[in-house]
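*Asks:* Take a look at work-v1.pdb, PDB, N, CA and C atoms:
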ATOM      1  N   MET T 283     160.945  62.831  57.254
ATOM      2  CA  MET T 283     161.949  62.328  58.171
ATOM      3  C   MET T 283     163.183  61.900  57.372
ATOM      4  N   ILE T 284     164.324  62.246  57.851
ATOM      5  CA  ILE T 284     165.574  61.907  57.161
ATOM      6  C   ILE T 284     166.141  60.612  57.738
ATOM      7  N   SER T 285     166.619  59.756  56.848
ATOM      8  CA  SER T 285     167.165  58.474  57.308
ATOM      9  C   SER T 285     168.592  58.656  57.820
ATOM     10  N   ARG T 286     169.007  57.712  58.654
ATOM     11  CA  ARG T 286     170.373  57.751  59.218
ATOM     12  C   ARG T 286     171.410  57.649  58.102
ATOM     13  N   ARG T 287     171.117  56.853  57.078
ATOM     14  CA  ARG T 287     172.056  56.672  55.968
ATOM     15  C   ARG T 287     172.266  57.977  55.208
ATOM     16  N   ASN T 288     171.174  58.691  54.910
ATOM     17  CA  ASN T 288     171.287  59.970  54.207
ATOM     18  C   ASN T 288     171.997  61.011  55.069
ATOM     19  N   LEU T 289     171.742  60.964  56.368
ATOM     20  CA  LEU T 289     172.421  61.881  57.283
ATOM     21  C   LEU T 289     173.920  61.619  57.293
ATOM     22  N   ASP T 290     174.317  60.341  57.348
ATOM     23  CA  ASP T 290     175.736  59.987  57.332
ATOM     24  C   ASP T 290     176.398  60.429  56.033
ATOM     25  N   LYS T 291     175.697  60.284  54.910
ATOM     26  CA  LYS T 291     176.261  60.705  53.626
ATOM     27  C   LYS T 291     176.481  62.211  53.582
ATOM     28  N   SER T 292     175.501  62.963  54.061
ATOM     29  CA  SER T 292     175.643  64.426  54.016
ATOM     30  C   SER T 292     176.727  64.897  54.992
ATOM     31  N   LEU T 293     176.843  64.248  56.142
ATOM     32  CA  LEU T 293     177.888  64.618  57.093
ATOM     33  C   LEU T 293     179.272  64.215  56.601
ATOM     34  N   ALA T 294     179.371  63.158  55.800
ATOM     35  CA  ALA T 294     180.664  62.735  55.252
ATOM     36  C   ALA T 294     181.226  63.782  54.295
ATOM     37  N   ASN T 295     180.349  64.574  53.694
ATOM     38  CA  ASN T 295     180.798  65.631  52.790
ATOM     39  C   ASN T 295     180.964  66.976  53.484
ATOM     40  N   GLU T 296     180.720  67.019  54.785
ATOM     41  CA  GLU T 296     180.884  68.238  55.579
ATOM     42  C   GLU T 296     182.356  68.668  55.546
ATOM     43  N   PRO T 297     182.657  69.934  55.228
ATOM     44  CA  PRO T 297     184.060  70.365  55.154
ATOM     45  C   PRO T 297     184.732  70.458  56.527
ATOM     46  N   VAL T 298     186.014  70.108  56.550
ATOM     47  CA  VAL T 298     186.845  70.172  57.744
ATOM     48  C   VAL T 298     187.995  71.133  57.452
ATOM     49  N   ASP T 299     188.267  72.043  58.382
ATOM     50  CA  ASP T 299     189.384  72.971  58.225
ATOM     51  C   ASP T 299     190.699  72.236  58.448
ATOM     52  N   LEU T 300     191.674  72.509  57.586
ATOM     53  CA  LEU T 300     193.017  71.951  57.754
ATOM     54  C   LEU T 300     193.953  73.055  58.210
ATOM     55  N   ILE T 301     194.829  72.692  59.129
ATOM     56  CA  ILE T 301     195.839  73.614  59.637
ATOM     57  C   ILE T 301     197.206  73.008  59.326
ATOM     58  N   PHE T 302     198.077  73.815  58.718
ATOM     59  CA  PHE T 302     199.406  73.354  58.345
ATOM     60  C   PHE T 302     200.442  74.014  59.251
ATOM     61  N   TYR T 303     201.402  73.212  59.713
ATOM     62  CA  TYR T 303     202.504  73.720  60.537
ATOM     63  C   TYR T 303     203.826  73.293  59.919
ATOM     64  N   LEU T 304     204.754  74.224  59.833
ATOM     65  CA  LEU T 304     206.115  73.924  59.405
ATOM     66  C   LEU T 304     206.868  73.413  60.623
ATOM     67  N   ILE T 305     207.500  72.253  60.503
ATOM     68  CA  ILE T 305     208.242  71.657  61.610
ATOM     69  C   ILE T 305     209.689  72.137  61.528
ATOM     70  N   ILE T 306     210.142  72.772  62.606
ATOM     71  CA  ILE T 306     211.509  73.277  62.685
ATOM     72  C   ILE T 306     212.199  72.529  63.816
ATOM     73  N   GLU T 307     213.349  71.927  63.522
ATOM     74  CA  GLU T 307     214.101  71.198  64.546
ATOM     75  C   GLU T 307     215.409  71.933  64.820
ATOM     76  N   LYS T 308     215.599  72.320  66.085
ATOM     77  CA  LYS T 308     216.824  73.004  66.504
ATOM     78  C   LYS T 308     217.265  72.427  67.835
ATOM     79  N   ASN T 309     218.516  72.078  67.925
ATOM     80  CA  ASN T 309     219.106  71.560  69.171
ATOM     81  C   ASN T 309     218.299  70.404  69.765
ATOM     82  N   GLY T 310     217.811  69.545  68.908
ATOM     83  CA  GLY T 310     217.060  68.388  69.378
ATOM     84  C   GLY T 310     215.633  68.686  69.804
ATOM     85  N   LYS T 311     215.176  69.905  69.620
ATOM     86  CA  LYS T 311     213.806  70.281  69.982
ATOM     87  C   LYS T 311     213.001  70.548  68.722
ATOM     88  N   ARG T 312     211.736  70.190  68.791
ATOM     89  CA  ARG T 312     210.828  70.436  67.674
ATOM     90  C   ARG T 312     209.946  71.632  67.970
ATOM     91  N   MET T 313     209.863  72.527  66.995
ATOM     92  CA  MET T 313     208.989  73.687  67.105
ATOM     93  C   MET T 313     208.066  73.695  65.896
ATOM     94  N   LEU T 314     206.860  74.201  66.089
ATOM     95  CA  LEU T 314     205.891  74.278  65.006
ATOM     96  C   LEU T 314     205.605  75.733  64.670
ATOM     97  N   LYS T 315     205.708  76.047  63.389
ATOM     98  CA  LYS T 315     205.407  77.395  62.925
ATOM     99  C   LYS T 315     204.165  77.302  62.035
ATOM    100  N   PRO T 316     203.071  77.977  62.396
ATOM    101  CA  PRO T 316     201.860  77.890  61.580
ATOM    102  C   PRO T 316     202.080  78.503  60.196
ATOM    103  N   LEU T 317     201.556  77.822  59.195
ATOM    104  CA  LEU T 317     201.595  78.337  57.825
ATOM    105  C   LEU T 317     200.233  78.942  57.506
ATOM    106  N   LYS T 318     200.219  80.007  56.764
ATOM    107  CA  LYS T 318     198.962  80.680  56.444
ATOM    108  C   LYS T 318     198.375  80.095  55.171
ATOM    109  N   LEU T 319     197.880  78.880  55.285
ATOM    110  CA  LEU T 319     197.242  78.189  54.169
ATOM    111  C   LEU T 319     195.832  77.815  54.598
ATOM    112  N   ASP T 320     194.824  78.344  53.912
ATOM    113  CA  ASP T 320     193.434  78.017  54.228
ATOM    114  C   ASP T 320     192.952  76.917  53.291
ATOM    115  N   THR T 321     192.607  75.787  53.855
ATOM    116  CA  THR T 321     192.143  74.655  53.070
ATOM    117  C   THR T 321     191.044  73.936  53.824
ATOM    118  N   LYS T 322     190.065  73.466  53.072
ATOM    119  CA  LYS T 322     188.996  72.638  53.634
ATOM    120  C   LYS T 322     188.862  71.407  52.748
ATOM    121  N   ILE T 323     188.675  70.262  53.393
ATOM    122  CA  ILE T 323     188.450  69.024  52.664
ATOM    123  C   ILE T 323     187.281  68.292  53.314
ATOM    124  N   PRO T 324     186.646  67.368  52.587
ATOM    125  CA  PRO T 324     185.511  66.642  53.163
ATOM    126  C   PRO T 324     185.934  65.725  54.316
ATOM    127  N   LEU T 325     185.009  65.505  55.222
ATOM    128  CA  LEU T 325     185.247  64.668  56.393
ATOM    129  C   LEU T 325     185.663  63.258  55.996
ATOM    130  N   LYS T 326     185.090  62.732  54.909
ATOM    131  CA  LYS T 326     185.444  61.366  54.500
ATOM    132  C   LYS T 326     186.916  61.263  54.116
ATOM    133  N   LEU T 327     187.491  62.318  53.539
ATOM    134  CA  LEU T 327     188.914  62.308  53.193
ATOM    135  C   LEU T 327     189.775  62.406  54.450
ATOM    136  N   VAL T 328     189.349  63.201  55.419
ATOM    137  CA  VAL T 328     190.073  63.303  56.692
ATOM    138  C   VAL T 328     190.095  61.949  57.393
ATOM    139  N   ARG T 329     188.968  61.269  57.389
ATOM    140  CA  ARG T 329     188.899  59.949  58.033
ATOM    141  C   ARG T 329     189.793  58.940  57.319
ATOM    142  N   ALA T 330     189.880  59.027  55.996
ATOM    143  CA  ALA T 330     190.748  58.122  55.233
ATOM    144  C   ALA T 330     192.214  58.370  55.570
ATOM    145  N   ILE T 331     192.601  59.630  55.730
ATOM    146  CA  ILE T 331     193.986  59.949  56.098
ATOM    147  C   ILE T 331     194.270  59.451  57.509
ATOM    148  N   ALA T 332     193.359  59.717  58.433
ATOM    149  CA  ALA T 332     193.560  59.312  59.824
ATOM    150  C   ALA T 332     193.613  57.793  59.980
ATOM    151  N   ASP T 333     192.807  57.078  59.186
ATOM    152  CA  ASP T 333     192.774  55.614  59.257
ATOM    153  C   ASP T 333     193.864  54.968  58.409
ATOM    154  N   ASP T 334     194.636  55.782  57.692
ATOM    155  CA  ASP T 334     195.706  55.317  56.801
ATOM    156  C   ASP T 334     195.173  54.389  55.708
ATOM    157  N   THR T 335     194.009  54.747  55.167
ATOM    158  CA  THR T 335     193.425  53.990  54.061
ATOM    159  C   THR T 335     193.411  54.813  52.773
ATOM    160  N   ILE T 336     194.184  55.877  52.760
ATOM    161  CA  ILE T 336     194.272  56.759  51.594
ATOM    162  C   ILE T 336     195.298  56.192  50.615
ATOM    163  N   VAL T 337     195.139  56.482  49.340
ATOM    164  CA  VAL T 337     196.093  56.000  48.345
ATOM    165  C   VAL T 337     197.451  56.658  48.586
ATOM    166  N   PRO T 338     198.545  55.925  48.394
ATOM    167  CA  PRO T 338     199.884  56.475  48.664
ATOM    168  C   PRO T 338     200.234  57.708  47.823
ATOM    169  N   SER T 339     199.656  57.843  46.648
ATOM    170  CA  SER T 339     199.973  59.000  45.807
ATOM    171  C   SER T 339     199.423  60.308  46.394
ATOM    172  N   PHE T 340     198.522  60.215  47.361
ATOM    173  CA  PHE T 340     197.980  61.416  48.013
ATOM    174  C   PHE T 340     199.097  62.253  48.633
ATOM    175  N   TYR T 341     200.039  61.584  49.299
ATOM    176  CA  TYR T 341     201.104  62.300  49.996
ATOM    177  C   TYR T 341     202.049  63.001  49.020
ATOM    178  N   SER T 342     202.348  62.378  47.894
ATOM    179  CA  SER T 342     203.206  63.040  46.906
ATOM    180  C   SER T 342     202.468  64.213  46.249
ATOM    181  N   THR T 343     201.176  64.059  46.024
ATOM    182  CA  THR T 343     200.380  65.155  45.474
ATOM    183  C   THR T 343     200.298  66.308  46.466
ATOM    184  N   LEU T 344     200.129  65.986  47.743
ATOM    185  CA  LEU T 344     200.093  67.011  48.782
ATOM    186  C   LEU T 344     201.419  67.753  48.858
ATOM    187  N   ALA T 345     202.531  67.037  48.785
ATOM    188  CA  ALA T 345     203.853  67.666  48.813
ATOM    189  C   ALA T 345     204.033  68.594  47.611
ATOM    190  N   LYS T 346     203.582  68.156  46.459
ATOM    191  CA  LYS T 346     203.680  68.982  45.251
ATOM    192  C   LYS T 346     202.838  70.251  45.394
ATOM    193  N   ASN T 347     201.631  70.112  45.944
ATOM    194  CA  ASN T 347     200.760  71.275  46.141
ATOM    195  C   ASN T 347     201.350  72.262  47.152
ATOM    196  N   LEU T 348     201.992  71.739  48.187
ATOM    197  CA  LEU T 348     202.632  72.610  49.170
ATOM    198  C   LEU T 348     203.787  73.389  48.544
ATOM    199  N   LEU T 349     204.542  72.734  47.646
ATOM    200  CA  LEU T 349     205.617  73.431  46.924
ATOM    201  C   LEU T 349     205.041  74.570  46.097
ATOM    202  N   GLU T 350     203.921  74.304  45.418
ATOM    203  CA  GLU T 350     203.287  75.324  44.582
ATOM    204  C   GLU T 350     202.754  76.480  45.417
ATOM    205  N   ARG T 351     202.428  76.226  46.677
ATOM    206  CA  ARG T 351     201.886  77.267  47.552
ATOM    207  C   ARG T 351     202.971  78.009  48.331
ATOM    208  N   GLY T 352     204.253  77.719  48.025
ATOM    209  CA  GLY T 352     205.337  78.500  48.588
ATOM    210  C   GLY T 352     206.117  77.883  49.725
ATOM    211  N   VAL T 353     205.873  76.627  50.051
ATOM    212  CA  VAL T 353     206.642  75.960  51.100
ATOM    213  C   VAL T 353     207.995  75.560  50.515
ATOM    214  N   ASP T 354     209.066  75.785  51.259
ATOM    215  CA  ASP T 354     210.418  75.503  50.768
ATOM    216  C   ASP T 354     210.639  74.002  50.586
ATOM    217  N   PRO T 355     211.344  73.599  49.502
ATOM    218  CA  PRO T 355     211.668  72.186  49.322
ATOM    219  C   PRO T 355     212.556  71.689  50.456
ATOM    220  N   GLY T 356     212.361  70.444  50.868
ATOM    221  CA  GLY T 356     213.128  69.862  51.956
ATOM    222  C   GLY T 356     212.515  70.110  53.325
ATOM    223  N   SER T 357     211.431  70.857  53.376
ATOM    224  CA  SER T 357     210.752  71.141  54.646
ATOM    225  C   SER T 357     209.872  69.965  55.048
ATOM    226  N   LYS T 358     209.519  69.948  56.321
ATOM    227  CA  LYS T 358     208.592  68.945  56.834
ATOM    228  C   LYS T 358     207.377  69.704  57.360
ATOM    229  N   VAL T 359     206.180  69.269  56.959
ATOM    230  CA  VAL T 359     204.943  69.952  57.314
ATOM    231  C   VAL T 359     204.013  68.988  58.040
ATOM    232  N   GLN T 360     203.434  69.478  59.130
ATOM    233  CA  GLN T 360     202.454  68.683  59.877
ATOM    234  C   GLN T 360     201.059  69.164  59.491
ATOM    235  N   LEU T 361     200.170  68.218  59.282
ATOM    236  CA  LEU T 361     198.809  68.507  58.864
ATOM    237  C   LEU T 361     197.861  68.149  59.999
ATOM    238  N   ARG T 362     197.010  69.112  60.398
ATOM    239  CA  ARG T 362     196.039  68.887  61.470
ATOM    240  C   ARG T 362     194.650  69.214  60.966
ATOM    241  N   ALA T 363     193.660  68.504  61.513
ATOM    242  CA  ALA T 363     192.260  68.752  61.175
ATOM    243  C   ALA T 363     191.583  69.423  62.356
ATOM    244  N   LYS T 364     190.824  70.476  62.065
ATOM    245  CA  LYS T 364     190.077  71.182  63.100
ATOM    246  C   LYS T 364     188.597  70.870  62.896
ATOM    247  N   PHE T 365     188.034  70.102  63.841
ATOM    248  CA  PHE T 365     186.658  69.642  63.722
ATOM    249  C   PHE T 365     185.691  70.629  64.354
ATOM    250  N   GLY T 366     184.492  70.663  63.793
ATOM    251  CA  GLY T 366     183.427  71.509  64.315
ATOM    252  C   GLY T 366     182.383  70.675  65.049
ATOM    253  N   PRO T 367     181.378  71.329  65.590
ATOM    254  CA  PRO T 367     180.340  70.618  66.361
ATOM    255  C   PRO T 367     179.558  69.589  65.540
ATOM    256  N   SER T 368     179.362  69.841  64.248
ATOM    257  CA  SER T 368     178.603  68.892  63.432
ATOM    258  C   SER T 368     179.365  67.587  63.207
ATOM    259  N   HIS T 369     180.690  67.629  63.266
ATOM    260  CA  HIS T 369     181.485  66.409  63.070
ATOM    261  C   HIS T 369     181.330  65.447  64.238
ATOM    262  N   GLU T 370     181.022  65.989  65.391
ATOM    263  CA  GLU T 370     180.853  65.157  66.582
ATOM    264  C   GLU T 370     179.599  64.280  66.467
ATOM    265  N   LEU T 371     178.662  64.662  65.601
ATOM    266  CA  LEU T 371     177.471  63.841  65.363
ATOM    267  C   LEU T 371     177.834  62.523  64.705
ATOM    268  N   VAL T 372     178.834  62.549  63.831
ATOM    269  CA  VAL T 372     179.279  61.346  63.134
ATOM    270  C   VAL T 372     180.006  60.421  64.085
ATOM    271  N   ASP T 373     180.928  60.989  64.850
ATOM    272  CA  ASP T 373     181.738  60.202  65.777
ATOM    273  C   ASP T 373     182.138  61.108  66.934
ATOM    274  N   PRO T 374     181.884  60.717  68.180
ATOM    275  CA  PRO T 374     182.223  61.576  69.321
ATOM    276  C   PRO T 374     183.715  61.883  69.453
ATOM    277  N   VAL T 375     184.560  61.090  68.808
ATOM    278  CA  VAL T 375     186.007  61.318  68.860
ATOM    279  C   VAL T 375     186.401  62.542  68.029
ATOM    280  N   LEU T 376     185.574  62.899  67.060
ATOM    281  CA  LEU T 376     185.899  63.983  66.136
ATOM    282  C   LEU T 376     185.541  65.345  66.737
ATOM    283  N   LYS T 377     186.326  65.784  67.701
ATOM    284  CA  LYS T 377     186.145  67.115  68.256
ATOM    285  C   LYS T 377     187.517  67.710  68.543
ATOM    286  N   GLY T 378     187.581  69.021  68.485
ATOM    287  CA  GLY T 378     188.862  69.681  68.714
ATOM    288  C   GLY T 378     189.754  69.630  67.489
ATOM    289  N   THR T 379     191.055  69.545  67.729
ATOM    290  CA  THR T 379     192.048  69.499  66.654
ATOM    291  C   THR T 379     192.876  68.231  66.803
ATOM    292  N   LYS T 380     193.057  67.509  65.703
ATOM    293  CA  LYS T 380     193.803  66.250  65.705
ATOM    294  C   LYS T 380     194.902  66.284  64.646
ATOM    295  N   VAL T 381     196.060  65.699  64.978
ATOM    296  CA  VAL T 381     197.152  65.574  64.015
ATOM    297  C   VAL T 381     196.812  64.455  63.046
ATOM    298  N   LEU T 382     196.899  64.740  61.748
ATOM    299  CA  LEU T 382     196.603  63.731  60.728
ATOM    300  C   LEU T 382     197.863  63.047  60.215
ATOM    301  N   CYS T 383     198.847  63.855  59.802
ATOM    302  CA  CYS T 383     200.051  63.271  59.219
ATOM    303  C   CYS T 383     201.157  64.333  59.152
ATOM    304  N   GLU T 384     202.339  63.863  58.753
ATOM    305  CA  GLU T 384     203.461  64.756  58.459
ATOM    306  C   GLU T 384     203.950  64.431  57.058
ATOM    307  N   VAL T 385     204.287  65.460  56.306
ATOM    308  CA  VAL T 385     204.672  65.305  54.904
ATOM    309  C   VAL T 385     206.027  65.958  54.679
ATOM    310  N   ASP T 386     206.924  65.238  54.014
ATOM    311  CA  ASP T 386     208.206  65.816  53.582
ATOM    312  C   ASP T 386     207.996  66.471  52.234
ATOM    313  N   VAL T 387     208.322  67.756  52.144
ATOM    314  CA  VAL T 387     208.114  68.513  50.902
ATOM    315  C   VAL T 387     209.359  68.414  50.057
TER
END
Spit out the file's structure as structure tokens when you get a sec.

*Replies:*
Amino acid sequence: MISRRNLDKSLANEPVDLIFYLIIEKNGKRMLKPLKLDTKIPLKLVRAIADDTIVPSFYSTLAKNLLERGVDPGSKVQLRAKFGPSHELVDPVLKGTKVLCEVDV
């Protein structure tokens, strides 16, 4: 039998798909253009970003990584997490797609 604590630990390391969108503002309207960047990070890191308990240097590192992956400097990128069915076991709120943050590159 598996304990609840061990189950929570293994689910915390479950990968979550990240979706990146380039934010384009024209005539006072915001449009999102999907970027073709495939990234997965552990659920515990997604929860830290969503709860705003992540270290501040994370955002500068993320901006630097986006530059290296071809995003133009001065752009604004929105980061979303796409949760799967196993994430709902940890917390019923974790289903579908949720906006995590926006980063200035």

*Asks:* Using atom C of His369 (chain T) and CA of Ala345 (chain T) as the two end points, give the distance in Å to one decimal.

*Replies:* 27.4 Å

*Asks:* Report as a ChimeraX atom specification all protein, DNA and RNA residues lying within 7 Å of Cys383 (chain T), evaluated on all atoms listed in the file, omitting residues in the same chain fewer than 2 positions from it.

*Replies:* /T:331-332,359-362,380-381,385

*Asks:* Name the closest residue to Gly356 (chain T) among the candidates T:Asp320, T:Asp386, T:Glu307, T:Glu296; distances are taken between atoms, counting only C-alpha atoms.

*Replies:* T:Asp386

*Asks:* From a DSSP pass on the backbone, collect the residues of chain T flagged as helix (DSSP H, G or I) and hand them back as a ChimeraX atom specification.

*Replies:* /T:286-294,325-332,339-350,369-372

*Asks:* Go ahead and compute the interatomic distance for atom C of Leu348 (chain T) and atom N of Ile323 (chain T), in Å to one decimal.

*Replies:*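 For atom C of Leu348 (chain T) relative to atom N of Ile323 (chain T), the distance reads 16.2 Å.
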
*Asks:* What are the DSSP strand (DSSP E or B) residues of region 293-374 of chain T, as a PyMOL selection string?

*Replies:* chain T and resi 297-308+311-316+321-324+358-364

*Asks:* Out of T:Asn295, T:Glu384, T:Leu325, T:Ala363, which residue has the shortest atom-to-atom distance to Ser342 (chain T) when counting only C-alpha atoms?

*Replies:*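 Under the stated criterion, the closest residue is T:Glu384.
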
*Asks:* If the PyMOL selection byres ((chain T and resi 317) around 8) is run on the structure shown, which residues does it catch, given as number ranges by chain?

*Replies:* T: 301-304, 314-316, 318-320

*Asks:* What does the distance from atom C of Val387 (chain T) to atom C of Asp354 (chain T) come to in Å, to one decimal?

*Replies:*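 It comes out at 5.8 Å.
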
*Asks:* Calculate, to one decimal in Å, the centre and edge lengths of the box along x, y and z of the file that holds all listed atoms of region 349-368 of chain T with 8 Å of margin on each side, and present them as JSON.

*Replies:*
{"center_x": 195.9, "center_y": 73.0, "center_z": 55.5, "size_x": 50.5, "size_y": 26.9, "size_z": 37.8}

*Asks:* Could you check the closest approach to Met313 (chain T) for each of T:Lys358, T:Glu350, T:Leu327, T:Asp334 and tell me which residue wins, using only C-alpha atoms?

*Replies:*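 Counting only C-alpha atoms, the residue closest to Met313 (chain T) is T:Lys358.
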
*Asks:* Kindly indicate which residue among T:Asn347, T:Thr379, T:Gly352, T:Ser357 lies nearest to Ile305 (chain T), using all atoms listed in the file for the distances.

*Replies:*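 Looking at the shortest contact to Ile305 (chain T), the residue is T:Ser357.
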
*Asks:* From the set T:Pro355, T:Gly310, T:Pro374, T:Pro324, which residue has the shortest atom-to-atom contact distance to Ala294 (chain T), counting all atoms listed in the file?

*Replies:*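 Closest to Ala294 (chain T), using all atoms listed in the file: T:Pro324.
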
*Asks:* So, with all atoms listed in the file as the atoms that count, which of T:Leu344, T:Pro297, T:Asn309, T:Val337 lies closest to Lys322 (chain T)?

*Replies:*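 Among the listed residues, T:Pro297 lies closest to Lys322 (chain T).
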
*Asks:* Regenerate region 342-350 of chain T at the level of all heavy atoms and dump it as a tab-separated table (two decimals), keeping the file's coordinate frame.

*Replies:*
chain	number	residue	atom	x	y	z
T	342	SER	N	202.35	62.38	47.89
T	342	SER	CA	203.21	63.04	46.91
T	342	SER	C	202.47	64.21	46.25
T	342	SER	O	203.07	65.26	45.98
T	342	SER	CB	203.70	62.05	45.86
T	342	SER	OG	202.61	61.46	45.18
T	343	THR	N	201.18	64.06	46.02
T	343	THR	CA	200.38	65.16	45.47
T	343	THR	C	200.30	66.31	46.47
T	343	THR	O	200.41	67.48	46.09
T	343	THR	CB	198.96	64.67	45.12
T	343	THR	OG1	199.06	63.57	44.23
T	343	THR	CG2	198.14	65.77	44.49
T	344	LEU	N	200.13	65.99	47.74
T	344	LEU	CA	200.09	67.01	48.78
T	344	LEU	C	201.42	67.75	48.86
T	344	LEU	O	201.45	68.98	48.94
T	344	LEU	CB	199.76	66.39	50.14
T	344	LEU	CG	199.73	67.32	51.34
T	344	LEU	CD1	198.70	68.42	51.16
T	344	LEU	CD2	199.46	66.53	52.60
T	345	ALA	N	202.53	67.04	48.78
T	345	ALA	CA	203.85	67.67	48.81
T	345	ALA	C	204.03	68.59	47.61
T	345	ALA	O	204.56	69.71	47.75
T	345	ALA	CB	204.95	66.60	48.83
T	346	LYS	N	203.58	68.16	46.46
T	346	LYS	CA	203.68	68.98	45.25
T	346	LYS	C	202.84	70.25	45.39
T	346	LYS	O	203.27	71.35	45.04
T	346	LYS	CB	203.24	68.18	44.03
T	346	LYS	CG	203.45	68.90	42.71
T	346	LYS	CD	203.06	68.02	41.55
T	346	LYS	CE	201.56	68.15	41.38
T	346	LYS	NZ	201.02	67.54	40.19
T	347	ASN	N	201.63	70.11	45.94
T	347	ASN	CA	200.76	71.28	46.14
T	347	ASN	C	201.35	72.26	47.15
T	347	ASN	O	201.22	73.47	46.99
T	347	ASN	CB	199.37	70.84	46.60
T	347	ASN	CG	198.58	70.18	45.49
T	347	ASN	OD1	198.91	70.31	44.32
T	347	ASN	ND2	197.54	69.47	45.85
T	348	LEU	N	201.99	71.74	48.19
T	348	LEU	CA	202.63	72.61	49.17
T	348	LEU	C	203.79	73.39	48.54
T	348	LEU	O	204.00	74.56	48.85
T	348	LEU	CB	203.11	71.81	50.38
T	348	LEU	CG	202.01	71.30	51.30
T	348	LEU	CD1	202.58	70.32	52.33
T	348	LEU	CD2	201.29	72.44	51.99
T	349	LEU	N	204.54	72.73	47.65
T	349	LEU	CA	205.62	73.43	46.92
T	349	LEU	C	205.04	74.57	46.10
T	349	LEU	O	205.60	75.68	46.07
T	349	LEU	CB	206.37	72.46	46.01
T	349	LEU	CG	207.45	71.62	46.65
T	349	LEU	CD1	207.97	70.59	45.66
T	349	LEU	CD2	208.58	72.50	47.13
T	350	GLU	N	203.92	74.30	45.42
T	350	GLU	CA	203.29	75.32	44.58
T	350	GLU	C	202.75	76.48	45.42
T	350	GLU	O	202.65	77.60	44.93
T	350	GLU	CB	202.14	74.71	43.78
T	350	GLU	CG	202.60	73.74	42.71
T	350	GLU	CD	201.44	72.98	42.07
T	350	GLU	OE1	200.28	73.16	42.50
T	350	GLU	OE2	201.71	72.19	41.16
